[in-house]
Structure formats: structure tokens, C-alpha cells
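Visitor: Please read through the structure below; I'll follow up with questions.
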Amino acid sequence: MSANSKGDLTKIPHQILEEAAKVGLETQDKNRSGTYFHLNQETVAAKVNELFEGKLELMDVKAALKKYPWLEEYRWKIVSKDKDEYTKKVAEDYSGGYFIRILPGAEITFPLQSCLMITDRNLEQRVHNIIIAEENSNAHIITSCLQHSGVANASHLGISEIYVKKNASLNFTMIHQWSENTLVRPRSAAVIEDNATFVSNYVCMRPVRDMQMYPVAYCKGADSRVSFNTILYGQKNSLLDIGSKAVLTGRGSKAEMVSRAIAREGSKMIVRGMIEGDTTECKGHLECRGLLMDDKSFIHSIPELIAKTRGVDITHEAAVGKISEKEIVYLMTRKLSRDQAVSLIIRGFMDVGIMGLPDALNAEIKNIVDKSTEST
Amino acid sequence: MDALEVKNLSVKVEGKLILKNVSFSLRQGASHILFGPNGSGKTTLISTLMGLPGYEVTSGSILFMGQDITHLTVDERAKLGIVVSFQNPPEITGVKLGELLKLCLGKNASEDFSAEEKRQIEAFRLTGFLNREINVGFSGGERKRSEILQLIFLKPKLMLLDEPDSGVDVESLRLIAGEIQLYVGKSGSSALIITHKGDILEHVKASYACILLSGQFHCFTEPRSIYEDIKKLGYEGCVACRRRNVEGWKSEREQ
């Protein structure tokens with residue numbers, strides 16, 4: 001069976017879907033414009049909702065490369081094969097990944113969903129994803145990456161190359177749910193053309209053994225814009241080294257970065273952010289805030305600003321510290337117990353509202369975040 | 001029964017004795033005005049009554065409706081019906097005013113405000129603030145209005161109000177004080193109001209007032225005459241001329 005004729009989710013075992021639903025997969029795919037599912041080493045579903053046929057393409061990337069020889073022009077172009085041992089491994093061999101193309105002028109009113117899941121123990125999942133948002137298109141993508149809770153030792157190496165063309169708008173939300181023994185190495189980059197907008201949201205609410213990523217957005221187009229919003233909840237000795245980088249070369253280009261990190265139970269978190277201004281009339285702001293819940297954890301915040309020419313306007317603010325006793329007591333005067341006050345502060349801190357999502361998706365992700373903080 | 005009875009209370013802040021063996025009581029269903037210069041211990045008193053951390057009771061006891069609350073936690077006191085307004089309430093990232101008001105009312109996030117609650121929010125001119133993060137970018141007057149509305153939504157039995165009239169314009173003062181009076185009058189609860197100004201007396205019907213000076217109470221009397229005396233003589237002068245009256249308020253009939 002060729003990968004681009006893969007069907008819907010009906011062939012996927014129920015308990016796997018249930019697990020994926022916890023991180024945003026809509027199993028009835030009614031409210032989604034398309035669904036992609038990669039299980040272990042294979043693309044098992046890739047289907048466009050019939051309402052959106054002719055507006056977007058969704059298939060396994062290997063099938064797409066066969067169908068469209070021109071796609072080679074988008075592969076390994078903004079992420080280098082030789083970047084590190086992980087990119088080299090994926091270049092050597094990989095099991096697929098998604099190819100998503102939003103056609104010119106298409107308004108994709110329902111989010112498109114993808115899910116990459118590991119259920120085999122000791123698996124090294126290697127994928128390569130390519131997204132092209134063609135000119136004047138508008139879409140939201142939600143992608144969930146997870147490891148089944150019963151699986152020991154696995155790693156996920158994922159390359160993502162994202163192209164946002166003239167006047168296009170792409171909102172990309174990634175939710176990770178790994179486990180205490182997963183090694184995760186995403187390698188992502190995006191190019192943003194004239195007057196285009198790319199919003200990259202990242203949510204990680206579950207423990208992970210070792211996670212490192214530093215996606216980069218190249219704002220090449222005039223008046224191109226990028227936002228990175230990151231919500232991290234580090235627990236159970238998680239090691240998270242997460243950053244984002246924007247390179248502003250287009251005249252009038254803009255970057256905004258907001259990150260909120262909570263560390264507890266011995267988690268080590270390095271939260272980076274870099275904005276590089278290469279042209280006059282570019283603008284950027286970076287906000288990095290961390291909450292430390294105990295003395296066994298640490299947060300290392302590294303905001304960096306680089307200006308290469310006069311007229312660059314880039315700023316940052318960073319604040320890292322313990323949860324405020326004054327805020328807790330204030331809420332306790334409003335009849336909340338100490339525990340209720342702490343959990344309200346945490347929920348507020350992990351404010352999904354920063355991500356610019358449509359209401360329905362906002363509510364779904366808020367629910368995921370609230371559930372994760374409640375259960376600890 | 002008095003709403004609140006404080007006996008021989010001494011309180012230290014950062015190792016320094018601020019309240020020195022003070023005793024007083026608050027009448028049920030009445031508003032009480034507490035005057036005193038900066039640094040006299042007024043905020044320490046209110047904070048101690050609420051049980052805020054950093055205020056160490058070294059002697060004495062606090063009884064609320066006959067129950068000893070000296071060692072209860074903040075939330076336990078709040079649940080008994082004691083509430084406090086903050087002069088400088090903290091900003092809390094991501095927590096919306098609307099969410100906090102629902103918590104004050106004991107509602108779930110999914111429940112809506114009733115028509116009467118909506119009317120009150122509108123009366124406090126806070127409808128446009130429901131989706132704003134609590135106190136973030138609020139002006140002085142907006143913070144005060146938000147504080148008092150939260151307190152009223154908590155349906156308290158005793159309100160401890162730390163300068164509800166400071167930093168607010170005339171119109172906001174009339175609104176805030178008027179709503180406090182309305183609530184106290186309707187619910188039969190008590191209030192202890194710290195103030196430096198007499199303007200609030202035009203809107204709140206208070207029968208009792210006293211001066212806190214250097215950690216001790218003086219001049220238990222009624223608010224208007226004492227306020228006039230303070231204006232004329234200053235706190236020290238006022239206390240000097242009324243020194244005898246340190247035992248507490250007489251009943252209204254005796255006054």
C-alpha cells in the first residue's frame with residue numbers, strides 16, 4: 001500500500017488512540033482538517049478531511065518525494081545533514097514523516113493534526129517532516145509526539161523543515177509527552193518570506209529523560225514575523241535544554257519569544273533564546289520566566305541578543321525564582337488552601353493564552369496543561 | 001458577644017516589638033475607624049488579625065466570635081469569615097480577575113456570574129477587567145476597587161480594610177465607601193478601617209474610632225470629634241489630651 005493512500009485512524013488500536021487523545025489527538029477527526037499518524041517506524045494514517053480537499057496535501061514524506069521531484073529543493077535545505085550526530089543518523093536512514101502543504105490562498109479553518117508515537121521498546125524513531133505554507137494561505141497545525149507509557153528506553157530524532165511563503169500565516173503547536181527514559185532530539189528550522197507570519201508553540205508537560213532542541217526561524221522576508229511560545233513543566237529529574245532562535249534579515253521583520261518554565265523534583269532546565277538582528281528596522285523581544293518549586297531543581301536562563309547593524313531594536317526580560325510567598329498568602333486570604341493557591345499560580349503561569357490559538361484549540365490545550373499540573 | 005476580642009496582644013516583626021500588650025474589641029455589626037501616624041503599627045495589627053506570615057505573636061490572644069484564632073492559618077481565618085484588603089496586592093501572572101472573583105464567590109470556573117453579581121462588577125467599573133491578569137497594569141484606584149469587590153464577594157463577617165481611601169479619586173472613594181457601608185449595613189458584619197483621612201466618614205457610618213500610637217491604643221471614642229482633634233492637635237497632642245480613655249469603647253448608650 002502506498003503511503004499517500006493511507007486511511008484514517010480506524011485501523012489503529014483503541015488503547016493507542018486513547019493515549020494519543022490525552023495529548024491533543026482528536027480521534028473522531030471531525031474537527032480537524034486532516035490527520036497524520038506515524039506509529040513507531042511507519043506512517044499508518046494520512047488523510048485529508050473531505051471538506052478541505054483541494055486546499056491542502058497531507059502524506060508520508062517518502063511518498064511525497066516520489067510524487068513531487070521538486071520536493072528535494074526543500075529537503076535538508078535549512079537543517080544541515082551534518083549538523084550533528086542526530087541529523088547524520090536521520091540522513092542515513094529514516095522511517096518517513098509528514099509532508100504537509102497548504103495550497104496557495106487556502107484558508108484552513110480547522111486545525112490539521114499529526115501524531116508521532118512510539119510503542120516499541122528500545123526504538124530509535126527517526127522522522128523527517130516538511131511543511132510548506134504556500135502564498136496567502138492560513139492554517140493551524142497541532143502535532144503531538146509521545147511515547148506509550150508502558151514502553152522503556154526509546155529515542156526520537158525528528159527533522160522538521162518549515163517554509164512559510166509570502167503573506168502566509170502558519171500557527172504550529174507541538175505537544176510532547178515522552179517518558180522518564182526517552183532521549184529526544186528534534187532539529188527544526190523555518191524560513192519566513194515577505195509579510196508572512198510563523199507562530200511556533202511548544203508544550204512539554206510530562207517528564208522526559210533528556211531533551212534538547214533549539215529551533216531556528218529565519219525571517220528573510222520584508223515584514224516577516226515569528227513568535228516562539230514555550231511552556232515547560234519539568235519534573236522527575238527531567239533534563240530539558242530548550243531554546244529558540246530568530247535571525248532577522250528581512251527589512252521590518254519581527255521576532256517575539258515568550259517562555260514559561262517550571263522546575264520541580266530534581267529537574268534541570270536550560271532555557272535559551274536568541275534574537276539576531278541583521279538589518280535596520282528589525283525588532284525583537286524575548287521574555288523568559290522560570291519558577292523553581294524546590295531546592296533540588298535548577299533553571300538556567302540564557303537570553304541572548306545580537307545586533308549587527310545600527311537601528312536594530314531588540315530587548316529581553318528574564319526572571320527566575322521561587323514561587324512567590326506573597327502571591328500564595330494573598331490567595332489564601334481569598335479562602336484558598338495553600339495547595340489550591342500554589343496550583344492556581346502554576347496554572348496561571350502556564351498560560352496557554354500566550355499562544356494565539358483559536359478558542360477551541362486554546363481550550364483543548366489549556367485542558368491538557370491543567371490536567372498535567374493537577375496530577376502532580 | 002463582641003465580633004473580635006484581642007487580649008494583651010504583643011507582636012514582633014523581624015525581631016522588633018511593634019504591638020505592645022494591646023487589648024480591644026470590635027462590636028458586632030459596627031464599623032470601627034483606626035487612626036494613627038505612619039509606623040504606629042496599624043498594618044501590623046490588621047496583618048496579625050489575618051494571620052499573615054512575618055507577624056509573630058509573642059503574647060496574648062485573638063478571639064473571633066468567641067473562638068481562639070491566635071494560631072489559625074490565613075485560609076482557616078478566611079473561611080471563618082475574616083477578610084483583608086491589601087494596600088499593595090501582588091500581580092499574579094496568568095490568573096484573571098474574573099477567575100479570582102469566581103473563587104471568592106465559591107464558584108467553578110465554568111459557572112457564570114449571576115445578574116446581581118454582574119451588576120456589582122459593573123458598579124465597581126470592573127467589567128472590562130475580568131479577563132485581565134490580576135493587578136497587572138491596574139491603576140491605584142482599579143486595584144482598590146478590585147480588592148473591595150473581592151472582599152464583598154467573599155461575604156465576610158469581619159472586614160479588615162487597610163487604607164481603602166488612599167490613592168483613589170473622589171468618585172472611586174464614594175463608590176468604595178458606599179459599597180462597604182451597603183454591605184456592612186445589610187449583612188450585619190463588622191469592619192475595621194485604617195485611614196488617614198476623614199473623607200471616608202462621609203460615606204461609612206462608623207460609631208467607633210481610636211488612635212494607635214507607638215504600638216498602643218488611645219482615645220476610644222467616636223470618629224468625628226477625634227478626627228477634628230487630630231487635625232487641630234496632631235496625633236501626639238490628641239493622645240495627650242484624651243489620655244484617660246484607653247480602656248475601650250463604652251457602649252453606644254454611654255457615649
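In the C-alpha cells, chains take letters A, B, ... by order of appearance, with residues numbered from 1 within each chain and ligands from 1 in the order shown.
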Compile the residues of chain A that lie within 9 Å of chain B, evaluated using only C-alpha atoms, and express the compilation as a PyMOL selection string.
Guide: chain A and resi 326-327+329-338+344-353
Visitor: Please list as a ChimeraX atom specification every residue within 6 Å of His316 (chain A), counting only C-alpha atoms and excluding residues in the same chain fewer than 4 positions away.
Guide: /A:285-287
Visitor: Include N, CA and C atoms and write out the residues we just selected as a PDB file, in the first residue's frame.
Guide:
ATOM      1  N   HIS A 285      11.671  40.959  20.789  1.00  0.00           N
ATOM      2  CA  HIS A 285      11.578  40.954  22.247  1.00  0.00           C
ATOM      3  C   HIS A 285      11.527  39.524  22.758  1.00  0.00           C
ATOM      4  N   LEU A 286      12.235  39.312  23.829  1.00  0.00           N
ATOM      5  CA  LEU A 286      12.350  37.974  24.387  1.00  0.00           C
ATOM      6  C   LEU A 286      11.958  38.040  25.866  1.00  0.00           C
ATOM      7  N   GLU A 287      11.024  37.203  26.276  1.00  0.00           N
ATOM      8  CA  GLU A 287      10.611  37.184  27.679  1.00  0.00           C
ATOM      9  C   GLU A 287      10.778  35.761  28.188  1.00  0.00           C
TER      10      GLU A 287
END
Visitor: Please give the complete set of residues from region 23-195 of chain B that DSSP, run on the backbone, assigns to strand (DSSP E), formatted as an mmCIF file with C-alpha atoms, in the first residue's frame.
Guide:
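states_25.cif, written as the output of this step:
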data_model
loop_
_atom_site.group_PDB
_atom_site.id
_atom_site.type_symbol
_atom_site.label_atom_id
_atom_site.label_comp_id
_atom_site.auth_asym_id
_atom_site.auth_seq_id
_atom_site.Cartn_x
_atom_site.Cartn_y
_atom_site.Cartn_z
ATOM 1 C CA SER B 23 -6.345 44.854 74.231
ATOM 2 C CA PHE B 24 -9.528 45.904 72.456
ATOM 3 C CA SER B 25 -12.665 44.505 70.989
ATOM 4 C CA LEU B 26 -14.802 45.113 67.922
ATOM 5 C CA SER B 31 -17.697 49.862 61.662
ATOM 6 C CA HIS B 32 -14.617 50.947 63.554
ATOM 7 C CA ILE B 33 -12.086 53.543 62.446
ATOM 8 C CA LEU B 34 -8.434 53.192 63.354
ATOM 9 C CA PHE B 35 -6.361 56.362 63.124
ATOM 10 C CA GLU B 56 4.993 36.869 65.391
ATOM 11 C CA VAL B 57 2.556 36.857 68.299
ATOM 12 C CA THR B 58 4.728 36.836 71.427
ATOM 13 C CA SER B 59 1.869 37.083 73.921
ATOM 14 C CA GLY B 60 -1.879 37.397 74.172
ATOM 15 C CA SER B 61 -4.790 36.008 72.206
ATOM 16 C CA ILE B 62 -7.285 36.811 69.477
ATOM 17 C CA LEU B 63 -10.871 35.591 69.803
ATOM 18 C CA PHE B 64 -13.232 35.726 66.841
ATOM 19 C CA GLN B 67 -13.233 31.147 69.126
ATOM 20 C CA ASP B 68 -9.497 31.419 69.762
ATOM 21 C CA ILE B 82 -12.310 37.320 58.258
ATOM 22 C CA VAL B 83 -11.059 39.130 55.165
ATOM 23 C CA VAL B 84 -8.440 41.758 54.493
ATOM 24 C CA SER B 85 -7.823 44.240 51.709
ATOM 25 C CA LEU B 158 -15.313 40.891 59.583
ATOM 26 C CA MET B 159 -13.627 43.175 57.070
ATOM 27 C CA LEU B 160 -10.144 44.459 57.777
ATOM 28 C CA LEU B 161 -9.525 47.387 55.458
ATOM 29 C CA ASP B 162 -6.066 48.902 55.201
ATOM 30 C CA SER B 190 -18.197 44.280 61.300
ATOM 31 C CA ALA B 191 -15.407 46.364 59.811
ATOM 32 C CA LEU B 192 -12.094 47.746 60.990
ATOM 33 C CA ILE B 193 -10.933 50.545 58.723
ATOM 34 C CA ILE B 194 -7.490 52.133 58.771
#
Visitor: So how far away is CA of Leu157 (chain A) from CA of Arg185 (chain A), in Å?
Guide: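 Here the two named atoms are 4.9 Å from each other.
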Visitor: Residues of region 106-208 of chain A within 9 Å of region 35-42 of chain A: nearest atom pair and distance (Å, one decimal) for each, counting only C-alpha atoms, sorted by chain and number, as CSV?
Guide:
residue,atom,partner,partner_atom,distance
A:Leu112,CA,A:Thr35,CA,6.3
A:Gln113,CA,A:Thr35,CA,5.0
A:Ser114,CA,A:Tyr36,CA,4.4
A:Cys115,CA,A:Phe37,CA,4.8
A:Leu116,CA,A:His38,CA,4.8
A:Met117,CA,A:Leu39,CA,5.0
A:Ile118,CA,A:Asn40,CA,4.8
A:Thr119,CA,A:Asn40,CA,6.4
A:Asp120,CA,A:Asn40,CA,6.6
A:Leu123,CA,A:Asn40,CA,7.5
A:Glu124,CA,A:Asn40,CA,8.5
A:Gln125,CA,A:Asn40,CA,6.2
A:Arg126,CA,A:Gln41,CA,7.7
A:Val127,CA,A:Gln41,CA,8.5
A:Thr143,CA,A:Tyr36,CA,9.0
Visitor: Have a look at CA of Gly185 (chain B) and CA of Lys157 (chain B) and let me know their distance in Å, one decimal.
Guide: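 So the two atoms, CA of Gly185 (chain B) and CA of Lys157 (chain B), lie 11.7 Å apart.
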Visitor: So which residues of region 56-249 of chain B fall under helix (DSSP H, G or I) by DSSP, listed as a PyMOL selection string?
Guide: chain B and resi 74-80+97-105+115-123+127-129+140-153+170-187+199-202+223-241
Visitor: For region 270-284 of chain A, work out the shell of residues within 9 Å, counting only C-alpha atoms and skipping chain neighbours fewer than 2 positions away, then give it as a PyMOL selection string.
Guide: chain A and resi 214+223+239-257+259+261+268+286-288+290+298-316
Visitor: For the selection just defined, write its residues with N, CA and C atoms to a file, as a short mmCIF file (atom, residue, chain, number, x, y, z; two decimals), in the first residue's frame.
Guide:
data_model
loop_
_atom_site.label_atom_id
_atom_site.label_comp_id
_atom_site.auth_asym_id
_atom_site.auth_seq_id
_atom_site.Cartn_x
_atom_site.Cartn_y
_atom_site.Cartn_z
N TYR A 214 16.66 23.37 19.70
CA TYR A 214 16.94 24.78 19.53
C TYR A 214 16.52 25.21 18.13
N ASP A 223 9.04 42.52 6.43
CA ASP A 223 7.90 42.47 7.36
C ASP A 223 7.49 41.05 7.74
N LEU A 239 15.71 16.36 32.17
CA LEU A 239 16.76 17.24 31.69
C LEU A 239 16.26 17.89 30.42
N LEU A 240 16.01 19.19 30.50
CA LEU A 240 15.45 19.90 29.35
C LEU A 240 16.38 21.05 28.98
N ASP A 241 16.83 21.03 27.75
CA ASP A 241 17.64 22.14 27.25
C ASP A 241 16.93 22.65 26.00
N ILE A 242 16.15 23.70 26.20
CA ILE A 242 15.20 24.12 25.18
C ILE A 242 15.41 25.59 24.86
N GLY A 243 15.49 25.88 23.61
CA GLY A 243 15.65 27.28 23.24
C GLY A 243 14.97 27.57 21.93
N SER A 244 15.05 28.80 21.50
CA SER A 244 14.61 29.13 20.16
C SER A 244 15.43 30.32 19.70
N LYS A 245 15.60 30.37 18.39
CA LYS A 245 16.47 31.39 17.82
C LYS A 245 15.76 32.02 16.63
N ALA A 246 15.89 33.33 16.53
CA ALA A 246 15.33 34.02 15.36
C ALA A 246 16.43 34.84 14.72
N VAL A 247 16.54 34.75 13.40
CA VAL A 247 17.52 35.54 12.68
C VAL A 247 16.75 36.50 11.79
N LEU A 248 16.86 37.79 12.08
CA LEU A 248 16.07 38.79 11.38
C LEU A 248 16.92 39.44 10.29
N THR A 249 16.67 39.02 9.06
CA THR A 249 17.41 39.62 7.95
C THR A 249 16.49 40.44 7.04
N GLY A 250 15.17 40.19 7.12
CA GLY A 250 14.22 40.92 6.28
C GLY A 250 13.94 42.30 6.88
N ARG A 251 13.84 43.29 6.01
CA ARG A 251 13.56 44.64 6.46
C ARG A 251 12.21 44.68 7.19
N GLY A 252 12.18 45.27 8.38
CA GLY A 252 10.94 45.35 9.14
C GLY A 252 10.51 44.03 9.76
N SER A 253 11.38 43.05 9.78
CA SER A 253 10.99 41.75 10.36
C SER A 253 10.94 41.84 11.88
N LYS A 254 10.16 40.92 12.47
CA LYS A 254 9.91 40.98 13.92
C LYS A 254 9.98 39.60 14.54
N ALA A 255 10.52 39.53 15.74
CA ALA A 255 10.51 38.27 16.49
C ALA A 255 10.03 38.52 17.90
N GLU A 256 9.20 37.59 18.38
CA GLU A 256 8.79 37.64 19.78
C GLU A 256 8.97 36.26 20.37
N MET A 257 9.51 36.20 21.56
CA MET A 257 9.67 34.90 22.22
C MET A 257 9.17 35.01 23.65
N SER A 259 8.78 32.46 27.04
CA SER A 259 8.87 31.12 27.60
C SER A 259 8.53 31.15 29.08
N ALA A 261 8.79 28.46 32.31
CA ALA A 261 9.34 27.16 32.71
C ALA A 261 9.13 26.94 34.20
N LYS A 268 16.41 19.61 35.73
CA LYS A 268 17.42 20.59 35.32
C LYS A 268 16.95 21.19 34.01
N LEU A 286 12.23 39.31 23.83
CA LEU A 286 12.35 37.97 24.39
C LEU A 286 11.96 38.04 25.87
N GLU A 287 11.02 37.20 26.28
CA GLU A 287 10.61 37.18 27.68
C GLU A 287 10.78 35.76 28.19
N CYS A 288 11.54 35.64 29.24
CA CYS A 288 11.86 34.31 29.74
C CYS A 288 11.60 34.28 31.23
N GLY A 290 10.97 31.83 34.79
CA GLY A 290 11.08 30.50 35.37
C GLY A 290 10.62 30.47 36.81
N PHE A 298 16.99 23.01 39.11
CA PHE A 298 17.51 24.33 38.74
C PHE A 298 17.05 24.78 37.37
N ILE A 299 17.04 26.09 37.21
CA ILE A 299 16.70 26.70 35.92
C ILE A 299 17.84 27.64 35.56
N HIS A 300 18.36 27.46 34.38
CA HIS A 300 19.41 28.33 33.87
C HIS A 300 18.84 29.04 32.65
N SER A 301 18.62 30.32 32.79
CA SER A 301 18.02 31.08 31.69
C SER A 301 19.12 31.81 30.93
N ILE A 302 19.12 31.62 29.60
CA ILE A 302 20.19 32.24 28.79
C ILE A 302 19.57 33.04 27.64
N PRO A 303 19.17 34.26 27.91
CA PRO A 303 18.69 35.10 26.81
C PRO A 303 19.86 35.78 26.12
N GLU A 304 19.85 35.77 24.79
CA GLU A 304 20.95 36.39 24.05
C GLU A 304 20.41 37.31 22.96
N LEU A 305 21.01 38.46 22.84
CA LEU A 305 20.63 39.41 21.80
C LEU A 305 21.87 39.77 20.99
N ILE A 306 21.72 39.73 19.69
CA ILE A 306 22.85 40.09 18.83
C ILE A 306 22.39 41.18 17.86
N ALA A 307 23.09 42.28 17.84
CA ALA A 307 22.77 43.34 16.87
C ALA A 307 23.97 43.48 15.93
N LYS A 308 23.69 43.44 14.63
CA LYS A 308 24.80 43.50 13.67
C LYS A 308 24.81 44.80 12.88
N THR A 309 23.82 45.64 13.15
CA THR A 309 23.81 46.92 12.44
C THR A 309 23.06 47.93 13.29
N ARG A 310 23.26 49.21 13.00
CA ARG A 310 22.54 50.24 13.75
C ARG A 310 21.06 50.15 13.43
N GLY A 311 20.23 50.60 14.36
CA GLY A 311 18.80 50.60 14.10
C GLY A 311 18.11 49.30 14.47
N VAL A 312 18.86 48.36 14.95
CA VAL A 312 18.24 47.12 15.43
C VAL A 312 17.62 47.40 16.79
N ASP A 313 16.38 46.96 17.00
CA ASP A 313 15.68 47.24 18.25
C ASP A 313 15.27 45.92 18.89
N ILE A 314 16.14 45.36 19.71
CA ILE A 314 15.81 44.09 20.34
C ILE A 314 16.05 44.17 21.85
N THR A 315 15.14 43.55 22.60
CA THR A 315 15.16 43.67 24.06
C THR A 315 14.86 42.31 24.68
N HIS A 316 15.17 42.18 25.95
CA HIS A 316 14.73 40.98 26.65
C HIS A 316 14.44 41.26 28.10
#
Visitor: Find the residue from B:Val239, B:Ser172, B:Ser40, B:Ser139 that sits nearest to Ser214 (chain B); use only C-alpha atoms when measuring.
Guide: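 So, comparing all the options, the nearest one is B:Ser40.
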Visitor: Give me, as a PDB file with N, CA and C atoms, in the first residue's frame, all polymer residues having an atom no more than 9 Å from Glu14 (chain B), counting only C-alpha atoms and skipping those fewer than 3 positions away in the same chain.
Guide:
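Once everything was written out, this is selection-v1.pdb:
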ATOM      1  N   LEU B  17       9.641  44.576  68.520  1.00  0.00           N
ATOM      2  CA  LEU B  17       8.316  44.612  69.129  1.00  0.00           C
ATOM      3  C   LEU B  17       7.520  45.789  68.569  1.00  0.00           C
ATOM      4  N   GLY B  54       5.148  36.443  59.023  1.00  0.00           N
ATOM      5  CA  GLY B  54       6.061  37.538  59.328  1.00  0.00           C
ATOM      6  C   GLY B  54       5.628  38.349  60.550  1.00  0.00           C
ATOM      7  N   TYR B  55       4.444  38.021  61.082  1.00  0.00           N
ATOM      8  CA  TYR B  55       3.951  38.728  62.267  1.00  0.00           C
ATOM      9  C   TYR B  55       3.889  37.733  63.421  1.00  0.00           C
ATOM     10  N   GLU B  56       4.821  37.864  64.335  1.00  0.00           N
ATOM     11  CA  GLU B  56       4.993  36.869  65.391  1.00  0.00           C
ATOM     12  C   GLU B  56       4.279  37.316  66.666  1.00  0.00           C
TER      13      GLU B  56
END
Visitor: CA of Ala21 (chain A) and CA of Ala360 (chain A) are how many Å apart?
Guide: 15.2 Å
